[in-house]
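**Q** Here you go, start01.csv (CSV, C-alpha atoms and all ligand atoms):
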chain,number,residue,atom,x,y,z
A,1,MET,CA,15.4,-13.6,-7.2
A,2,GLU,CA,16.8,-14.3,-3.7
A,3,LEU,CA,17.2,-11.3,-1.5
A,4,LYS,CA,20.9,-12.0,-1.1
A,5,GLN,CA,21.4,-11.9,-4.8
A,6,ALA,CA,19.4,-8.7,-5.2
A,7,ILE,CA,21.6,-7.1,-2.5
A,8,GLU,CA,24.8,-8.3,-4.1
A,9,LEU,CA,23.8,-7.3,-7.6
A,10,ARG,CA,22.5,-3.8,-6.8
A,11,THR,CA,24.6,-1.0,-7.9
A,12,SER,CA,23.7,2.6,-8.9
A,13,ASN,CA,22.6,2.7,-12.5
A,14,ARG,CA,22.5,6.0,-14.3
A,15,THR,CA,22.1,5.2,-18.0
A,16,PHE,CA,19.0,3.6,-19.4
A,17,ILE,CA,17.6,2.3,-22.6
A,18,ASN,CA,14.6,4.1,-24.0
A,19,GLU,CA,12.0,1.5,-23.0
A,20,PRO,CA,9.0,2.4,-20.9
A,21,ILE,CA,8.4,0.7,-17.6
A,22,PRO,CA,4.9,-0.9,-17.4
A,23,ILE,CA,2.7,0.8,-14.8
A,24,ALA,CA,2.2,-2.5,-13.1
A,25,ASP,CA,5.9,-2.6,-12.4
A,26,LEU,CA,6.0,0.9,-11.0
A,27,LYS,CA,3.0,0.1,-8.8
A,28,GLU,CA,4.8,-3.1,-7.6
A,29,LEU,CA,7.9,-1.1,-6.7
A,30,VAL,CA,5.8,1.4,-4.7
A,31,ARG,CA,3.8,-1.4,-3.1
A,32,ARG,CA,7.1,-2.9,-1.8
A,33,ALA,CA,8.4,0.5,-0.8
A,34,GLY,CA,5.2,0.9,1.3
A,35,LEU,CA,6.0,-2.3,3.2
A,36,ALA,CA,9.1,-0.8,4.7
A,37,PRO,CA,9.4,-0.1,8.4
A,38,SER,CA,8.5,3.4,9.5
A,39,VAL,CA,8.6,5.2,12.8
A,40,ASN,CA,5.5,4.1,14.8
A,41,ASN,CA,4.2,2.7,11.5
A,42,TYR,CA,3.5,6.3,10.5
A,43,GLN,CA,4.2,5.6,6.8
A,44,PRO,CA,5.0,9.2,6.1
A,45,TRP,CA,5.4,8.7,2.4
A,46,VAL,CA,3.7,9.3,-0.9
A,47,PHE,CA,5.4,8.1,-4.1
A,48,TYR,CA,5.0,9.9,-7.4
A,49,ALA,CA,6.0,7.8,-10.4
A,50,ILE,CA,6.8,10.2,-13.2
A,51,THR,CA,7.2,8.9,-16.8
A,52,ASN,CA,6.5,12.0,-18.8
A,53,SER,CA,9.9,12.9,-20.4
A,54,ASP,CA,8.9,16.5,-21.0
A,55,LEU,CA,8.2,16.9,-17.4
A,56,LEU,CA,11.4,15.2,-16.4
A,57,ASN,CA,13.3,17.5,-18.7
A,58,LYS,CA,11.5,20.6,-17.2
A,59,MET,CA,12.6,19.3,-13.8
A,60,ALA,CA,16.2,18.8,-14.8
A,61,VAL,CA,16.3,22.3,-16.3
A,62,LYS,CA,15.2,23.7,-12.9
A,63,VAL,CA,17.9,21.7,-11.1
A,64,ALA,CA,20.6,22.8,-13.6
A,65,ALA,CA,19.5,26.5,-13.1
A,66,LYS,CA,19.8,26.2,-9.3
A,67,MET,CA,23.2,24.6,-9.6
A,68,LYS,CA,24.4,27.6,-11.6
A,69,GLU,CA,23.5,29.7,-8.6
A,70,ILE,CA,26.1,27.9,-6.4
A,71,PRO,CA,28.9,30.4,-5.7
A,72,SER,CA,32.1,29.4,-7.4
A,73,ASN,CA,35.6,30.7,-7.6
A,74,ASN,CA,35.4,30.2,-11.3
A,75,SER,CA,38.6,28.2,-11.4
A,76,ILE,CA,38.8,25.4,-14.0
A,77,ALA,CA,38.7,22.9,-11.2
A,78,ALA,CA,35.5,24.4,-9.8
A,79,LYS,CA,33.9,24.5,-13.2
A,80,ASN,CA,34.8,20.8,-13.8
A,81,VAL,CA,33.4,19.8,-10.4
A,82,LEU,CA,30.2,21.7,-10.9
A,83,SER,CA,29.6,20.3,-14.3
A,84,GLN,CA,30.2,16.8,-13.0
A,85,VAL,CA,27.8,17.4,-10.1
A,86,GLU,CA,25.3,18.9,-12.5
A,87,TRP,CA,25.3,15.7,-14.5
A,88,PHE,CA,24.8,13.6,-11.3
A,89,ALA,CA,21.9,15.8,-10.4
A,90,THR,CA,20.1,15.9,-13.8
A,91,PHE,CA,20.7,12.5,-15.5
A,92,PHE,CA,17.3,11.4,-14.2
A,93,GLU,CA,15.7,13.3,-17.2
A,94,ASN,CA,16.8,10.4,-19.4
A,95,ALA,CA,15.3,7.7,-17.2
A,96,PRO,CA,12.1,6.0,-18.4
A,97,ALA,CA,10.7,6.7,-14.9
A,98,VAL,CA,11.5,8.6,-11.8
A,99,ILE,CA,9.9,7.9,-8.5
A,100,ALA,CA,9.8,11.1,-6.4
A,101,ILE,CA,9.5,10.3,-2.7
A,102,ALA,CA,7.5,12.8,-0.7
A,103,MET,CA,6.9,12.7,3.0
A,104,ASP,CA,5.1,14.5,5.8
A,105,GLU,CA,6.9,15.1,9.0
A,106,TYR,CA,6.3,12.6,11.8
A,107,GLU,CA,4.7,14.1,14.8
A,108,SER,CA,5.9,12.2,17.8
A,109,VAL,CA,3.4,11.6,20.6
A,110,LEU,CA,5.9,13.5,22.7
A,111,GLU,CA,4.9,16.6,20.9
A,112,MET,CA,1.6,16.6,22.8
A,113,GLY,CA,3.2,16.3,26.2
A,114,VAL,CA,6.5,18.2,26.3
A,115,GLN,CA,7.6,21.7,25.7
A,116,MET,CA,9.9,21.0,22.8
A,117,SER,CA,9.4,22.0,19.2
A,118,HIS,CA,8.7,19.5,16.5
A,119,GLU,CA,12.2,20.2,15.0
A,120,GLU,CA,13.9,19.7,18.4
A,121,ILE,CA,12.2,16.3,19.0
A,122,ASN,CA,12.8,15.2,15.4
A,123,LYS,CA,16.5,16.1,15.8
A,124,MET,CA,16.7,14.4,19.2
A,125,ARG,CA,15.4,11.2,17.6
A,126,ASN,CA,17.8,11.5,14.7
A,127,TYR,CA,15.1,12.3,12.1
A,128,PRO,CA,13.1,9.1,12.3
A,129,ASP,CA,10.8,10.2,9.4
A,130,MET,CA,13.8,10.6,7.1
A,131,GLN,CA,15.2,7.3,8.3
A,132,SER,CA,11.8,5.7,7.4
A,133,ALA,CA,12.0,7.2,3.9
A,134,GLY,CA,15.5,5.7,3.5
A,135,ALA,CA,14.1,2.2,4.3
A,136,ALA,CA,11.4,2.6,1.7
A,137,ILE,CA,13.9,3.8,-0.9
A,138,GLN,CA,16.1,0.8,-0.3
A,139,ASN,CA,13.1,-1.4,-0.9
A,140,ILE,CA,12.6,0.3,-4.2
A,141,LEU,CA,16.3,-0.2,-5.2
A,142,LEU,CA,16.4,-3.9,-4.3
A,143,SER,CA,13.0,-4.5,-5.9
A,144,ALA,CA,14.2,-2.8,-9.1
A,145,VAL,CA,17.0,-5.3,-9.3
A,146,ASP,CA,14.5,-8.1,-8.6
A,147,LEU,CA,12.3,-6.9,-11.5
A,148,GLY,CA,15.2,-6.6,-13.9
A,149,TYR,CA,15.8,-2.8,-13.7
A,150,GLY,CA,18.6,-0.6,-12.8
A,151,ALA,CA,18.0,2.3,-10.5
A,152,CYS,CA,19.8,5.2,-8.7
A,153,TRP,CA,18.9,7.1,-5.6
A,154,LEU,CA,19.3,10.9,-6.0
A,155,SER,CA,19.4,13.6,-3.4
A,156,ALA,CA,21.3,16.2,-5.5
A,157,PRO,CA,18.2,17.4,-7.4
A,158,MET,CA,16.8,18.5,-4.0
A,159,ILE,CA,18.7,21.7,-4.6
A,160,ALA,CA,15.6,22.7,-6.5
A,161,LYS,CA,13.2,21.2,-4.1
A,162,ILE,CA,10.7,24.0,-4.1
A,163,GLU,CA,10.6,24.3,-7.8
A,164,LEU,CA,10.3,20.5,-8.2
A,165,GLU,CA,7.5,20.3,-5.7
A,166,LYS,CA,5.6,22.9,-7.7
A,167,ILE,CA,6.1,21.0,-11.0
A,168,ILE,CA,5.2,17.6,-9.5
A,169,GLY,CA,2.3,19.1,-7.5
A,170,ILE,CA,3.5,18.1,-4.0
A,171,GLN,CA,1.5,20.1,-1.5
A,172,PRO,CA,2.1,20.7,2.2
A,173,PRO,CA,2.2,18.9,4.6
A,174,HIS,CA,4.2,16.7,2.2
A,175,HIS,CA,7.6,17.7,1.0
A,176,LEU,CA,10.0,16.2,-1.5
A,177,ILE,CA,12.8,13.9,0.0
A,178,ALA,CA,14.5,12.2,-2.9
A,179,PHE,CA,14.2,10.7,-6.4
A,180,VAL,CA,14.9,7.2,-7.6
A,181,ALA,CA,15.6,7.0,-11.4
A,182,ILE,CA,14.6,3.6,-12.9
A,183,GLY,CA,14.9,1.9,-16.2
A,184,LYS,CA,16.5,-1.0,-18.0
A,185,PRO,CA,20.3,-0.3,-17.9
A,186,SER,CA,21.9,0.6,-21.2
A,187,LYS,CA,25.2,-1.0,-20.0
A,188,VAL,CA,26.3,-3.1,-17.1
A,189,ALA,CA,27.0,-0.6,-14.3
A,190,GLN,CA,30.4,-1.0,-12.6
A,191,GLN,CA,30.0,-2.1,-9.0
A,192,LYS,CA,31.6,0.2,-6.5
A,193,PRO,CA,34.2,-1.2,-4.2
A,194,LYS,CA,32.9,-1.7,-0.7
A,195,LYS,CA,34.7,-1.9,2.6
A,196,ASN,CA,35.8,-5.3,3.9
A,197,LEU,CA,33.7,-6.8,6.6
A,198,ASP,CA,36.7,-6.5,9.0
A,199,GLU,CA,36.5,-2.7,8.6
A,200,ILE,CA,32.9,-2.3,9.4
A,201,PHE,CA,32.1,-5.1,11.8
A,202,ARG,CA,32.6,-4.6,15.6
A,203,LEU,CA,31.4,-7.3,17.9
A,204,ILE,CA,30.5,-6.3,21.4
A,205,GLU,CA,30.0,-9.4,23.5
B,1,LIG,C1,21.2,9.4,0.2
B,1,LIG,C2,21.8,9.2,-1.2
B,1,LIG,C3,21.8,10.2,-2.1
B,1,LIG,C4,22.4,10.0,-3.4
B,1,LIG,N1,22.3,11.0,-4.3
B,1,LIG,C5,22.8,10.8,-5.5
B,1,LIG,C6,22.7,11.8,-6.5
B,1,LIG,O1,22.1,12.8,-6.3
B,1,LIG,N2,23.1,11.5,-7.8
B,1,LIG,C7,23.7,10.3,-8.1
B,1,LIG,O2,24.1,10.2,-9.2
B,1,LIG,N3,23.9,9.4,-7.1
B,1,LIG,C8,23.4,9.5,-5.9
B,1,LIG,N4,23.5,8.6,-5.0
B,1,LIG,C9,24.1,7.3,-5.3
B,1,LIG,C10,25.5,7.1,-4.7
B,1,LIG,O3,26.4,7.9,-5.4
B,1,LIG,C11,25.9,5.6,-4.7
B,1,LIG,O4,25.0,4.9,-3.9
B,1,LIG,C12,27.3,5.4,-4.2
B,1,LIG,O5,28.3,6.0,-5.1
B,1,LIG,C13,27.7,4.0,-4.1
B,1,LIG,O6,27.5,3.3,-5.3
B,1,LIG,P1,26.5,2.1,-5.4
B,1,LIG,O7,25.1,2.6,-5.2
B,1,LIG,O8,26.7,1.6,-6.9
B,1,LIG,O9,26.9,1.0,-4.4
B,1,LIG,C14,23.0,8.7,-3.7
B,1,LIG,C15,22.9,7.7,-2.7
B,1,LIG,C16,22.3,7.9,-1.5
B,1,LIG,C17,22.3,6.8,-0.5
Can you turn what I pasted into structure tokens?
**A**
Amino acid sequence: MELKQAIELRTSNRTFINEPIPIADLKELVRRAGLAPSVNNYQPWVFYAITNSDLLNKMAVKVAAKMKEIPSNNSIAAKNVLSQVEWFATFFENAPAVIAIAMDEYESVLEMGVQMSHEEINKMRNYPDMQSAGAAIQNILLSAVDLGYGACWLSAPMIAKIELEKIIGIQPPHHLIAFVAIGKPSKVAQQKPKKNLDEIFRLIE
């Protein structure tokens, strides 16, 4: 598939048919993720492909429990919003596979020479390690389309980051960044409207 077509076809897919993804495809998705640019070619990432549905269910239960801890004013509106958000944070349990992206924090060469903390430098550079992870995740999403899958990037489950790291077995210095849920779509996902080019393009000559 042409890159342009993959970009134009990609949309977040959240419902899947119950068909396992061949390990070769999961490896190919991760191989392409690993080709992404990263700060100083640090490649801060490790990708865990999780296909065990019991484990995914266990993870979703932890996420749902954490969501219940969010303070709410108990209004009907709040309950509706929370139950909606809970679904967007837990639907990954029904995906044939979830790729969990873990990353260790990039230590800039600056850290050896200046009196600034790792956090200060990372913030000053606008979190280049996180930006690198984003590039890798987009490679997964586009490659998923190319290989005939639907996928969705998830950050909402990170509410239970510590619990999820324990279940997945992510150890320091790595920490969990995001999930990508992947599978064959059970229906054609509706593409989201996007801003016109005029709204987002500024030419500075
Ligand atoms: C950083 C990031 C985090 C996201 N987290 C979630 C999430 O937790 N749950 C979810 O259902 N979708 C999540 N999404 C998907 C967005 O909702 C989706 O990209 C957006 O609505 C635009 O739709 P499209 O991907 O179909 O263009 C996330 C997307 C990004 C880029």
**Q** Tell me, as a PyMOL selection string, which residues lie within 8 Å of Leu142 (chain A), counting all atoms listed in the file; anything in the same chain fewer than 2 positions away does not count.
**A** chain A and resi 3+6-7+10+138-140+144-146
**Q** How many Å separate CA of Ile17 (chain A) from CA of Gly150 (chain A)?
**A**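 Between CA of Ile17 (chain A) and CA of Gly150 (chain A) the gap works out to 10.3 Å.
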**Q** What does the list of residues within 6 Å of ligand LIG 1 (chain B) look like if you count all atoms listed in the file, written as a list of chain:residue names?
**A**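 Within the 6 Å cut-off, the matching residues are A:Thr11, A:Ser12, A:Phe88, A:Ala89, A:Cys152, A:Trp153, A:Leu154, A:Ser155, A:Ala156, A:Gln191, A:Lys192.
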**Q** Within 12 Å of region 59-64 of chain A, counting all atoms listed in the file, which residues show up once you throw out same-chain ones fewer than 2 positions away? Write them as number ranges by chain, please.
**A** A: 50, 52-57, 66-70, 82-95, 98, 100, 155-168, 179
**Q** So the first atom is CA of Leu176 (chain A) and the second is CA of Ile121 (chain A); what is the distance between them in Å, to one decimal place?
**A**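 That distance, rounded to one decimal, is 20.6 Å.
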**Q** Grab the CA of Ala133 (chain A) to CA of Gly169 (chain A) distance for me, in Å with one decimal place.
**A**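 These atoms are spaced 19.1 Å apart.
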**Q** Between A:Ile182, A:Ile99, A:Met130, A:Met116, which residue has the minimum interatomic distance to Leu147 (chain A), considering only C-alpha atoms?
**A** A:Ile182
**Q** Counting only C-alpha atoms, which residues sit no farther than 12 Å from the position (6.7, -3.7, -18.0) in the file's frame? I'd like them as a VMD selection string.
**A** chain A and resid 19 to 29 96 to 97 144 147 to 149 182 to 184
